[in-house]
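Participant: File run-v4.cif follows (mmCIF, C-alpha atoms):
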data_input
loop_
_atom_site.label_atom_id
_atom_site.label_comp_id
_atom_site.auth_asym_id
_atom_site.auth_seq_id
_atom_site.Cartn_x
_atom_site.Cartn_y
_atom_site.Cartn_z
CA MET F 11 -32.65 59.25 -38.50
CA SER F 12 -36.33 60.10 -39.07
CA ALA F 13 -38.04 62.98 -37.31
CA GLN F 14 -40.19 60.57 -35.29
CA ASP F 15 -37.15 58.83 -33.79
CA ARG F 16 -35.21 61.91 -32.83
CA GLU F 17 -35.19 63.10 -29.24
CA LEU F 18 -34.90 66.87 -29.10
CA LEU F 19 -32.23 68.29 -26.84
CA VAL F 20 -34.87 70.20 -24.85
CA GLU F 21 -36.50 66.90 -23.84
CA LYS F 22 -33.55 66.33 -21.48
CA SER F 23 -34.90 69.23 -19.41
CA PRO F 24 -38.38 70.16 -20.72
CA LEU F 25 -39.39 73.81 -20.52
CA PRO F 26 -41.91 74.49 -17.72
CA ASP F 27 -45.58 75.39 -18.19
CA GLY F 28 -46.43 79.06 -18.37
CA VAL F 29 -44.03 80.02 -21.18
CA ASP F 30 -45.71 81.79 -24.11
CA GLU F 31 -46.22 79.31 -26.97
CA ARG F 32 -44.30 81.28 -29.62
CA ILE F 33 -41.38 81.86 -27.25
CA ARG F 34 -41.48 78.16 -26.28
CA ARG F 35 -40.96 77.18 -29.94
CA GLN F 36 -38.17 79.72 -30.33
CA PHE F 37 -36.42 78.54 -27.15
CA THR F 38 -36.81 74.90 -28.26
CA PHE F 39 -35.06 75.72 -31.55
CA LEU F 40 -32.39 77.87 -29.89
CA ILE F 41 -31.61 75.02 -27.46
CA GLU F 42 -31.60 72.44 -30.29
CA VAL F 43 -29.05 74.43 -32.30
CA ASP F 44 -26.64 74.36 -29.34
CA GLN F 45 -25.56 71.16 -31.09
CA LEU F 46 -23.81 73.22 -33.79
CA LYS F 47 -21.04 73.60 -31.18
CA ALA F 48 -20.52 69.82 -31.29
CA VAL F 49 -20.22 69.45 -35.09
CA LEU F 50 -16.49 69.21 -35.79
CA ARG F 51 -14.93 70.48 -38.99
CA GLN F 52 -11.65 69.38 -40.55
CA SER F 53 -9.93 72.77 -40.07
CA PRO F 54 -7.48 73.16 -37.19
CA LEU F 55 -7.84 76.30 -35.05
CA ALA F 56 -5.06 78.87 -35.23
CA SER F 57 -5.29 79.48 -31.47
CA ALA F 58 -5.53 75.99 -29.93
CA PRO F 59 -4.48 72.43 -30.83
CA ARG F 60 -7.89 71.12 -31.79
CA ARG F 61 -10.34 71.12 -34.72
CA GLU F 62 -12.84 73.90 -35.20
CA ASN F 63 -16.56 73.41 -34.64
CA ASP F 64 -19.38 74.78 -36.79
CA ALA F 65 -20.58 77.39 -34.27
CA GLU F 66 -17.12 78.96 -33.92
CA HIS F 67 -16.71 78.81 -37.69
CA SER F 68 -20.05 80.56 -38.23
CA TRP F 69 -19.12 83.33 -35.80
CA HIS F 70 -15.79 83.78 -37.56
CA LEU F 71 -17.52 84.07 -40.95
CA ALA F 72 -19.90 86.70 -39.57
CA MET F 73 -16.91 88.77 -38.36
CA MET F 74 -15.34 88.39 -41.80
CA VAL F 75 -18.50 89.61 -43.54
CA VAL F 76 -18.62 92.71 -41.33
CA LEU F 77 -14.96 93.57 -41.96
CA LEU F 78 -14.44 92.39 -45.55
CA ALA F 79 -17.78 93.27 -47.21
CA GLU F 80 -16.12 96.39 -48.66
CA HIS F 81 -14.14 94.10 -50.99
CA SER F 82 -17.25 92.68 -52.66
CA ASP F 83 -17.28 93.28 -56.41
CA GLU F 84 -21.04 93.91 -56.23
CA PRO F 85 -23.07 96.08 -53.82
CA LEU F 86 -24.01 94.00 -50.78
CA ASP F 87 -26.77 93.90 -48.17
CA VAL F 88 -24.33 93.26 -45.32
CA ALA F 89 -27.04 92.42 -42.76
CA ARG F 90 -28.51 89.64 -44.88
CA THR F 91 -25.04 88.35 -45.73
CA VAL F 92 -24.35 88.04 -41.99
CA GLU F 93 -27.64 86.14 -41.53
CA LEU F 94 -26.66 83.79 -44.36
CA VAL F 95 -23.41 82.79 -42.67
CA LEU F 96 -25.05 82.50 -39.24
CA VAL F 97 -27.51 79.87 -40.53
CA HIS F 98 -25.55 78.26 -43.41
CA ASP F 99 -24.26 75.27 -41.40
CA LEU F 100 -27.31 74.64 -39.17
CA VAL F 101 -28.42 71.65 -41.26
CA GLU F 102 -25.16 69.91 -40.30
CA ILE F 103 -26.59 69.40 -36.80
CA TYR F 104 -28.64 66.54 -38.28
CA ALA F 105 -26.73 65.91 -41.55
CA GLY F 106 -23.13 66.13 -40.28
CA ASP F 107 -20.19 68.03 -41.78
CA THR F 108 -19.17 67.04 -45.31
CA PRO F 109 -15.42 67.63 -45.78
CA LEU F 110 -14.59 69.78 -48.84
CA TYR F 111 -12.24 67.19 -50.31
CA ASP F 112 -14.46 64.09 -49.69
CA GLY F 113 -16.17 63.16 -52.97
CA THR F 114 -18.10 60.15 -51.61
CA ALA F 115 -19.79 62.05 -48.78
CA ALA F 116 -20.64 64.84 -51.21
CA GLU F 117 -22.80 62.51 -53.34
CA ASP F 118 -25.85 62.31 -51.06
CA GLN F 119 -25.01 65.52 -49.20
CA LEU F 120 -27.82 67.62 -50.68
CA GLU F 121 -30.49 65.01 -49.96
CA ARG F 122 -29.34 64.59 -46.36
CA GLU F 123 -29.19 68.33 -45.86
CA VAL F 124 -32.64 69.03 -47.31
CA CYS F 125 -34.19 66.48 -44.92
CA ALA F 126 -32.26 68.05 -42.06
CA ALA F 127 -33.44 71.56 -42.98
CA GLU F 128 -37.08 70.50 -43.10
CA GLU F 129 -36.91 68.78 -39.74
CA LEU F 130 -34.85 71.41 -37.92
CA PHE F 131 -36.58 74.57 -39.13
CA ALA F 132 -40.03 73.03 -38.44
CA LEU F 133 -39.31 73.52 -34.73
CA LEU F 134 -39.77 77.28 -35.23
CA PRO F 135 -43.04 79.19 -35.68
CA GLY F 136 -44.11 78.85 -39.34
CA ASP F 137 -43.07 82.33 -40.50
CA GLN F 138 -39.59 81.97 -39.03
CA ALA F 139 -39.22 78.40 -40.32
CA ARG F 140 -39.88 79.73 -43.84
CA ARG F 141 -37.42 82.60 -43.32
CA MET F 142 -34.64 80.24 -42.16
CA ARG F 143 -35.31 77.93 -45.10
CA GLU F 144 -35.17 80.86 -47.53
CA LEU F 145 -31.84 81.96 -46.12
CA TRP F 146 -30.38 78.46 -46.36
CA ASP F 147 -31.71 77.99 -49.92
CA GLU F 148 -30.29 81.38 -50.92
CA PHE F 149 -26.86 80.44 -49.54
CA GLU F 150 -26.85 77.10 -51.34
CA ALA F 151 -28.05 78.50 -54.71
CA ARG F 152 -25.38 81.25 -54.79
CA ARG F 153 -27.46 83.34 -57.17
CA THR F 154 -27.42 86.60 -55.17
CA PRO F 155 -24.38 88.81 -54.43
CA GLU F 156 -24.99 88.15 -50.72
CA ALA F 157 -24.91 84.36 -51.17
CA ARG F 158 -21.81 84.55 -53.35
CA PHE F 159 -20.01 86.65 -50.74
CA ALA F 160 -21.14 84.38 -47.89
CA LYS F 161 -19.84 81.35 -49.80
CA ALA F 162 -16.58 83.16 -50.49
CA MET F 163 -16.10 83.72 -46.74
CA ASP F 164 -16.88 80.03 -46.15
CA ARG F 165 -13.94 79.17 -48.42
CA LEU F 166 -11.59 81.98 -47.37
CA GLN F 167 -11.79 81.32 -43.64
CA PRO F 168 -10.35 77.77 -43.72
CA LEU F 169 -7.74 79.08 -46.14
CA LEU F 170 -6.56 81.45 -43.39
CA LEU F 171 -6.62 78.60 -40.84
CA ASN F 172 -4.68 76.32 -43.18
CA TRP F 173 -2.15 79.09 -43.71
CA MET F 174 -1.72 79.37 -39.94
CA ALA F 175 -1.37 75.57 -39.67
CA GLN F 176 1.24 75.64 -42.45
CA GLY F 177 -0.80 73.21 -44.48
CA GLY F 178 -3.75 71.84 -42.48
CA THR F 179 -6.27 70.13 -44.75
CA TRP F 180 -4.15 71.04 -47.83
CA ARG F 181 -2.04 68.08 -46.72
CA THR F 182 -4.97 65.66 -47.19
CA PRO F 183 -3.54 62.73 -49.20
CA GLY F 184 -4.42 63.07 -52.88
CA VAL F 185 -5.26 66.80 -52.62
CA THR F 186 -3.02 68.99 -54.81
CA ALA F 187 -2.53 72.76 -54.82
CA ASP F 188 -4.55 72.80 -58.04
CA ASP F 189 -7.44 71.04 -56.25
CA VAL F 190 -7.25 73.74 -53.60
CA ARG F 191 -7.27 76.47 -56.27
CA ARG F 192 -10.30 74.91 -57.99
CA ARG F 193 -12.29 74.61 -54.74
CA LYS F 194 -11.34 78.11 -53.61
CA ALA F 195 -11.97 79.85 -56.95
CA VAL F 196 -15.54 80.73 -55.85
CA ILE F 197 -13.91 83.45 -53.72
CA GLY F 198 -13.23 85.18 -57.05
CA ASP F 199 -16.95 85.07 -57.93
CA ALA F 200 -17.52 87.51 -55.05
CA SER F 201 -14.32 89.53 -54.70
CA THR F 202 -11.41 90.02 -57.08
CA ALA F 203 -9.30 91.60 -54.31
CA LEU F 204 -9.85 88.82 -51.77
CA TRP F 205 -9.26 86.09 -54.34
CA GLN F 206 -5.99 87.79 -55.29
CA ALA F 207 -4.93 87.67 -51.62
CA GLY F 208 -6.19 84.09 -51.28
CA GLN F 209 -4.25 82.94 -54.33
CA ARG F 210 -1.13 84.57 -52.92
CA LEU F 211 -1.47 82.36 -49.81
CA ILE F 212 -2.08 79.21 -51.88
CA ASP F 213 0.86 79.96 -54.22
CA GLU F 214 3.22 80.66 -51.33
CA GLY F 215 2.00 77.58 -49.43
CA GLN F 216 2.69 75.44 -52.49
CA ALA F 217 6.13 77.03 -52.93
CA ARG F 218 6.91 76.03 -49.34
CA GLY F 219 5.66 72.45 -49.90
CA TRP F 220 2.66 72.79 -47.55
CA ASP F 221 0.47 70.90 -50.02
CA ARG F 222 2.46 67.70 -49.57
CA MET M 14 0.58 92.24 -20.71
CA SER M 15 1.63 95.36 -22.58
CA ALA M 16 1.21 95.74 -26.32
CA GLN M 17 5.00 95.70 -26.81
CA ASP M 18 5.35 92.27 -25.19
CA ARG M 19 2.53 90.53 -26.98
CA GLU M 20 3.27 88.24 -29.89
CA LEU M 21 0.44 88.33 -32.39
CA LEU M 22 -0.97 84.98 -33.48
CA VAL M 23 -0.11 85.75 -37.12
CA GLU M 24 3.58 85.94 -36.20
CA LYS M 25 3.54 82.14 -35.88
CA SER M 26 3.04 82.01 -39.65
CA PRO M 27 3.59 85.53 -41.08
CA LEU M 28 1.52 86.49 -44.12
CA PRO M 29 3.58 86.51 -47.35
CA ASP M 30 4.59 89.59 -49.33
CA GLY M 31 2.28 90.68 -52.10
CA VAL M 32 -0.92 90.93 -50.02
CA ASP M 33 -2.66 94.32 -50.25
CA GLU M 34 -1.86 96.39 -47.13
CA ARG M 35 -5.47 96.96 -46.05
CA ILE M 36 -6.34 93.29 -46.50
CA ARG M 37 -3.18 92.34 -44.62
CA ARG M 38 -4.35 94.33 -41.59
CA GLN M 39 -7.82 92.82 -41.84
CA PHE M 40 -6.44 89.26 -42.10
CA THR M 41 -4.08 89.95 -39.17
CA PHE M 42 -7.05 90.98 -37.03
CA LEU M 43 -9.24 88.11 -38.23
CA ILE M 44 -6.48 85.62 -37.38
CA GLU M 45 -5.86 87.26 -33.98
CA VAL M 46 -9.54 86.95 -33.01
CA ASP M 47 -9.40 83.19 -33.61
CA GLN M 48 -8.40 83.26 -29.93
CA LEU M 49 -12.02 84.02 -28.96
CA LYS M 50 -12.54 80.28 -29.50
CA ALA M 51 -10.11 79.59 -26.66
CA VAL M 52 -11.70 81.90 -24.05
CA LEU M 53 -13.76 79.63 -21.80
CA ARG M 54 -16.93 80.76 -20.09
CA GLN M 55 -18.53 79.32 -16.94
CA SER M 56 -21.63 78.07 -18.76
CA PRO M 57 -21.91 74.36 -19.59
CA LEU M 58 -23.05 73.51 -23.15
CA ALA M 59 -26.45 71.85 -23.52
CA SER M 60 -25.08 69.55 -26.23
CA ALA M 61 -21.71 68.33 -24.90
CA PRO M 62 -20.06 67.80 -21.48
CA ARG M 63 -17.79 70.83 -21.56
CA ARG M 64 -17.82 74.59 -20.94
CA GLU M 65 -18.80 77.03 -23.66
CA ASN M 66 -16.28 79.32 -25.34
CA ASP M 67 -16.78 82.96 -26.28
CA ALA M 68 -16.95 82.40 -30.05
CA GLU M 69 -19.72 79.79 -29.77
CA HIS M 70 -21.51 82.02 -27.27
CA SER M 71 -21.30 85.02 -29.65
CA TRP M 72 -22.71 82.95 -32.52
CA HIS M 73 -25.55 81.76 -30.30
CA LEU M 74 -26.40 85.34 -29.28
CA ALA M 75 -26.47 86.40 -32.94
CA MET M 76 -28.98 83.62 -33.72
CA MET M 77 -31.06 84.76 -30.74
CA VAL M 78 -31.08 88.35 -31.95
CA VAL M 79 -32.29 87.26 -35.39
CA LEU M 80 -35.10 85.11 -33.96
CA LEU M 81 -36.12 87.03 -30.83
CA ALA M 82 -35.79 90.67 -31.96
CA GLU M 83 -39.56 90.74 -32.48
CA HIS M 84 -39.97 90.66 -28.69
CA SER M 85 -38.07 93.91 -28.14
CA ASP M 86 -40.19 96.54 -26.37
CA GLU M 87 -38.62 99.21 -28.60
CA PRO M 88 -38.06 99.28 -32.39
CA LEU M 89 -34.71 97.72 -33.17
CA ASP M 90 -32.04 97.96 -35.87
CA VAL M 91 -31.54 94.19 -36.00
CA ALA M 92 -28.39 94.35 -38.15
CA ARG M 93 -26.56 96.60 -35.69
CA THR M 94 -27.78 94.50 -32.76
CA VAL M 95 -26.23 91.44 -34.43
CA GLU M 96 -22.95 93.33 -34.89
CA LEU M 97 -23.01 94.30 -31.20
CA VAL M 98 -23.20 90.69 -30.06
CA LEU M 99 -20.59 89.53 -32.60
CA VAL M 100 -17.99 91.95 -31.17
CA HIS M 101 -19.11 92.27 -27.52
CA ASP M 102 -16.70 89.69 -26.11
CA LEU M 103 -13.65 90.34 -28.34
CA VAL M 104 -11.85 92.27 -25.60
CA GLU M 105 -11.82 89.08 -23.51
CA ILE M 106 -9.15 87.71 -25.86
CA TYR M 107 -6.69 89.91 -23.98
CA ALA M 108 -8.66 90.67 -20.79
CA GLY M 109 -10.12 87.20 -20.05
CA ASP M 110 -13.69 86.26 -19.14
CA THR M 111 -15.08 87.80 -15.95
CA PRO M 112 -17.65 85.43 -14.39
CA LEU M 113 -21.02 87.10 -13.68
CA TYR M 114 -20.98 86.11 -10.03
CA ASP M 115 -17.31 87.02 -9.30
CA GLY M 116 -17.23 90.39 -7.50
CA THR M 117 -13.43 90.59 -7.14
CA ALA M 118 -12.67 90.10 -10.82
CA ALA M 119 -15.38 92.63 -11.68
CA GLU M 120 -13.51 95.43 -9.83
CA ASP M 121 -10.78 96.09 -12.40
CA GLN M 122 -12.72 94.54 -15.29
CA LEU M 123 -13.46 97.81 -17.11
CA GLU M 124 -9.85 99.01 -16.95
CA ARG M 125 -8.52 95.70 -18.26
CA GLU M 126 -11.08 95.61 -21.02
CA VAL M 127 -10.48 99.19 -22.19
CA CYS M 128 -6.74 98.45 -22.56
CA ALA M 129 -7.60 95.26 -24.43
CA ALA M 130 -9.97 97.09 -26.78
CA GLU M 131 -7.36 99.72 -27.63
CA GLU M 132 -4.69 97.16 -28.36
CA LEU M 133 -6.85 94.70 -30.28
CA PHE M 134 -8.82 97.08 -32.48
CA ALA M 135 -5.61 98.98 -33.40
CA LEU M 136 -4.69 96.00 -35.58
CA LEU M 137 -7.41 97.05 -38.04
CA PRO M 138 -7.33 99.93 -40.54
CA GLY M 139 -8.17 103.16 -38.64
CA ASP M 140 -11.76 103.53 -39.85
CA GLN M 141 -12.63 99.95 -38.90
CA ALA M 142 -10.80 100.20 -35.57
CA ARG M 143 -13.00 103.19 -34.71
CA ARG M 144 -16.14 101.34 -35.84
CA MET M 145 -15.32 98.29 -33.68
CA ARG M 146 -14.61 100.52 -30.69
CA GLU M 147 -17.91 102.37 -31.19
CA LEU M 148 -19.80 99.08 -31.26
CA TRP M 149 -18.09 97.85 -28.10
CA ASP M 150 -18.67 101.17 -26.30
CA GLU M 151 -22.32 101.14 -27.37
CA PHE M 152 -22.77 97.61 -26.00
CA GLU M 153 -21.16 98.48 -22.69
CA ALA M 154 -23.07 101.76 -22.20
CA ARG M 155 -26.49 100.16 -22.81
CA ARG M 156 -28.01 103.49 -23.77
CA THR M 157 -29.53 102.43 -27.13
CA PRO M 158 -32.36 99.94 -27.68
CA GLU M 159 -29.91 97.81 -29.69
CA ALA M 160 -27.38 97.68 -26.83
CA ARG M 161 -30.09 96.91 -24.28
CA PHE M 162 -31.38 94.04 -26.42
CA ALA M 163 -27.87 92.71 -27.06
CA LYS M 164 -27.18 92.75 -23.30
CA ALA M 165 -30.51 91.01 -22.68
CA MET M 166 -29.46 88.18 -25.02
CA ASP M 167 -26.10 87.98 -23.22
CA ARG M 168 -28.02 87.30 -19.99
CA LEU M 169 -30.81 85.15 -21.46
CA GLN M 170 -28.54 82.70 -23.29
CA PRO M 171 -26.73 81.34 -20.18
CA LEU M 172 -30.12 81.20 -18.48
CA LEU M 173 -31.22 78.72 -21.16
CA LEU M 174 -27.97 76.76 -20.76
CA ASN M 175 -28.35 76.69 -16.97
CA TRP M 176 -31.91 75.48 -17.40
CA MET M 177 -30.64 72.65 -19.61
CA ALA M 178 -27.93 71.81 -17.03
CA GLN M 179 -30.58 71.80 -14.28
CA GLY M 180 -28.67 74.41 -12.35
CA GLY M 181 -25.27 75.09 -13.93
CA THR M 182 -23.72 78.29 -12.57
CA TRP M 183 -26.86 78.92 -10.45
CA ARG M 184 -25.29 76.34 -8.13
CA THR M 185 -22.21 78.56 -7.56
CA PRO M 186 -21.72 78.57 -3.75
CA GLY M 187 -23.18 81.74 -2.22
CA VAL M 188 -25.36 82.53 -5.26
CA THR M 189 -29.09 82.61 -4.45
CA ALA M 190 -32.11 82.62 -6.77
CA ASP M 191 -32.54 86.29 -5.84
CA ASP M 192 -28.96 87.01 -6.99
CA VAL M 193 -29.83 85.35 -10.29
CA ARG M 194 -33.00 87.45 -10.57
CA ARG M 195 -31.08 90.67 -9.87
CA ARG M 196 -28.39 89.89 -12.47
CA LYS M 197 -30.91 88.79 -15.08
CA ALA M 198 -33.35 91.68 -14.59
CA VAL M 199 -31.67 93.63 -17.43
CA ILE M 200 -33.53 91.27 -19.77
CA GLY M 201 -36.64 93.20 -18.71
CA ASP M 202 -35.05 96.50 -19.77
CA ALA M 203 -35.23 95.20 -23.37
CA SER M 204 -38.20 92.85 -23.51
CA THR M 205 -41.12 92.36 -21.14
CA ALA M 206 -42.12 89.11 -22.87
CA LEU M 207 -38.66 87.51 -22.72
CA TRP M 208 -38.14 88.56 -19.11
CA GLN M 209 -41.49 86.99 -18.23
CA ALA M 210 -40.30 83.72 -19.82
CA GLY M 211 -36.88 84.06 -18.17
CA GLN M 212 -38.42 84.58 -14.74
CA ARG M 213 -40.58 81.51 -15.26
CA LEU M 214 -37.39 79.43 -15.74
CA ILE M 215 -35.71 80.96 -12.67
CA ASP M 216 -38.82 80.46 -10.50
CA GLU M 217 -39.25 76.86 -11.60
CA GLY M 218 -35.52 76.16 -11.18
CA GLN M 219 -35.69 77.51 -7.63
CA ALA M 220 -38.83 75.44 -6.89
CA ARG M 221 -36.88 72.36 -7.97
CA GLY M 222 -33.90 73.28 -5.79
CA TRP M 223 -31.52 73.91 -8.72
CA ASP M 224 -30.13 77.01 -6.99
CA ARG M 225 -28.63 74.94 -4.18
#
Would it be possible to restate this file's structure as structure tokens?

Facilitator:
Amino acid sequence: MSAQDRELLVEKSPLPDGVDERIRRQFTFLIEVDQLKAVLRQSPLASAPRRENDAEHSWHLAMMVVLLAEHSDEPLDVARTVELVLVHDLVEIYAGDTPLYDGTAAEDQLEREVCAAEELFALLPGDQARRMRELWDEFEARRTPEARFAKAMDRLQPLLLNWMAQGGTWRTPGVTADDVRRRKAVIGDASTALWQAGQRLIDEGQARGWDR
Amino acid sequence: MSAQDRELLVEKSPLPDGVDERIRRQFTFLIEVDQLKAVLRQSPLASAPRRENDAEHSWHLAMMVVLLAEHSDEPLDVARTVELVLVHDLVEIYAGDTPLYDGTAAEDQLEREVCAAEELFALLPGDQARRMRELWDEFEARRTPEARFAKAMDRLQPLLLNWMAQGGTWRTPGVTADDVRRRKAVIGDASTALWQAGQRLIDEGQARGWDR
């Protein structure tokens, strides 16, 4: 959908006159991103019989960064790492979630997500739009310790949920334990200790037949 | 429920042997707090016809802190403010959500939440349990600029959702626009600019009859 065609969420109940212009733009964005709560992921929750949404997932990653940052192999700016996980999925509001084991959807994923980023972040005041875009680009490029750790959490968290579901998306037809290991190996780019623990879960899951 | 009676979520699929002891405690906690996604709040989402849960709410507050911190009347440690909102509702996993306009539930709220905090945070390694408890205590006491701003976001976010719902919980029987103003006034303890915008929404909502 092009930017011209899209109705913003705030248009369903437009903000009144008399709100400061900068705050109006910030509120408009903050209302628009409420939609992250409606983007469903493949992962099943551990605590309820339904799939997880992107907003819950992003909160969970932020908690993981705060508690697991000590296991990073490199020194970490924890605050920026938290910001990276808070914003990393925002583009999915317009671009949708691309399942980890779906090769077809992955093909045009980057193009769809770049368009989404440009449209979504443009709702903010210019300086903050640039800041959000920088954070998202940093996450995607994985060239800083913070981005590598954020990405590692993004792969470790569904691993914990799949463990709790005794299989979950590991049971996707055609996905083998080796596929899982390959996709999850980026955890090891950030933390030897956490990848060791992650591999232990994958190995044990395979031993129990949870990949079938 | 006492700590002895409670079955931890992880017991449904116990972690395997061979996971480092500190990481095991951290994973146990991170799995247990998946339940924040199942604690329902009163607020309706702007993006879907259902109530919000605590995990989505916490993510939304973190985004608000990142984008609105510039409006704080006092200098702010943004990173710690984000941590405050990430953990502020965790105790509700065991203590439940207490609606803002429910006086009866509010009476024993603190006692229930203190018990919940002690039980939940004890799952973590000692140093991290103490850190989580300090963050939660800081949020509740509202004596630092960071805690005041975090609390302000906790009150401003449902105000935005109620605006989008053209009433929402403002329509709770017996709740007047003045009740809303009283409960929301803590926004002004953190940010004059955001409270001005917030009041504009409440005033306009009342003028349109959304409080009835």

Participant: Considering only C-alpha atoms, give me a table of residues in chain M that are at most 6 Å from chain F, with the closest atom pair and distance in Å for each, as a Markdown table.

Facilitator:
| residue | atom | partner | partner_atom | distance |
| --- | --- | --- | --- | --- |
| M:Ser26 | CA | F:Met174 | CA | 5.5 |
| M:Val32 | CA | F:Ala207 | CA | 5.4 |
| M:Asp47 | CA | F:Ser57 | CA | 5.9 |
| M:Gln48 | CA | F:Ser57 | CA | 5.1 |
| M:Ser60 | CA | F:Gln45 | CA | 5.1 |
| M:Ala68 | CA | F:Glu66 | CA | 5.2 |
| M:Glu69 | CA | F:Glu66 | CA | 5.0 |
| M:Trp72 | CA | F:Trp69 | CA | 4.9 |
| M:Ala92 | CA | F:Ala89 | CA | 5.2 |
| M:Met177 | CA | F:Ser23 | CA | 5.5 |
| M:Ala210 | CA | F:Val29 | CA | 5.4 |

Participant: I'd like the neighbourhood of Leu166 in chain F as a PyMOL selection string, where a residue qualifies if any of its atoms comes within 8 Å (using all atoms listed in the file), though same-chain residues fewer than 3 positions away should be ignored.

Facilitator: chain F and resi 162-163+169-170+194+197+208

Participant: Carefully work through the PyMOL selection byres ((chain M and resi 89) around 12) for this structure and note down the residues it includes, as a list in words.

Facilitator: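 Expected selection for the PyMOL selection byres ((chain M and resi 89) around 12) here is Val78, Val79, Leu81, Ala82, Glu83, His84, Ser85, Asp86, Glu87, Pro88, Asp90, Val91, Ala92, Arg93, Thr94, Val95, Thr157, Pro158, Glu159, Ala160, Arg161, Phe162, Ala163, Ala203 and Ser204 of chain M.
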
Participant: Expressed in Å to a single decimal, how great is the separation between CA of His101 in chain M and CA of Glu34 in chain M?

Facilitator: 26.4 Å

Participant: Can you tell me how far CA of Thr108 in chain F sits from CA of Gly219 in chain F, in Å to one decimal?

Facilitator: 25.8 Å

Participant: Looking at all atoms listed in the file, which of F:Asp107, F:Asp15, F:Ala139, F:Leu94 is the one that sits closest to Arg35 in chain F?

Facilitator: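 For Arg35 in chain F, the nearest of the given residues is F:Ala139.
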
Participant: Go through M:Ala198, M:Ala220, M:Glu20, M:Leu53 and flag the residue nearest Pro112 in chain M, using only C-alpha atoms for the distances.

Facilitator: M:Leu53

Participant: Using CA of Cys125 in chain F and CA of Ala105 in chain F as the two end points, give the distance in Å to one decimal.

Facilitator: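 We find that CA of Cys125 in chain F and CA of Ala105 in chain F lie 8.2 Å from each other.
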
Participant: Using only C-alpha atoms, pick whichever of F:Leu110, F:Glu123, F:Val101, F:Val95 has the shortest atom-to-atom distance to Glu148 in chain F.

Facilitator: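 Smallest separation from Glu148 in chain F among the options: F:Val95.
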
Participant: Counting all atoms listed in the file, which residue out of M:Asp115, M:Trp208, M:Gly180, M:Arg194 sits closest to Trp223 in chain M?

Facilitator: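 Distance minimum relative to Trp223 in chain M lands on M:Gly180.
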
Participant: I'd like the neighbourhood of Gly187 in chain M as a count of residues only, where a residue qualifies if any of its atoms comes within 12 Å (using all atoms listed in the file), though same-chain residues fewer than 4 positions away should be ignored.

Facilitator: 10

Participant: Check the smallest atom-to-atom distance from each of F:Arg152, F:Ala187, F:Val196, F:Asp164 to Arg218 in chain F using only C-alpha atoms, then report the winner.

Facilitator: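 Using only C-alpha atoms, the shortest distance to Arg218 in chain F belongs to F:Ala187.
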
Participant: Using only C-alpha atoms, pick whichever of F:Pro54, F:Arg16, F:Ala151, F:Phe131 has the shortest atom-to-atom distance to Gly178 in chain F.

Facilitator: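 The answer is F:Pro54, which sits nearest to Gly178 in chain F.
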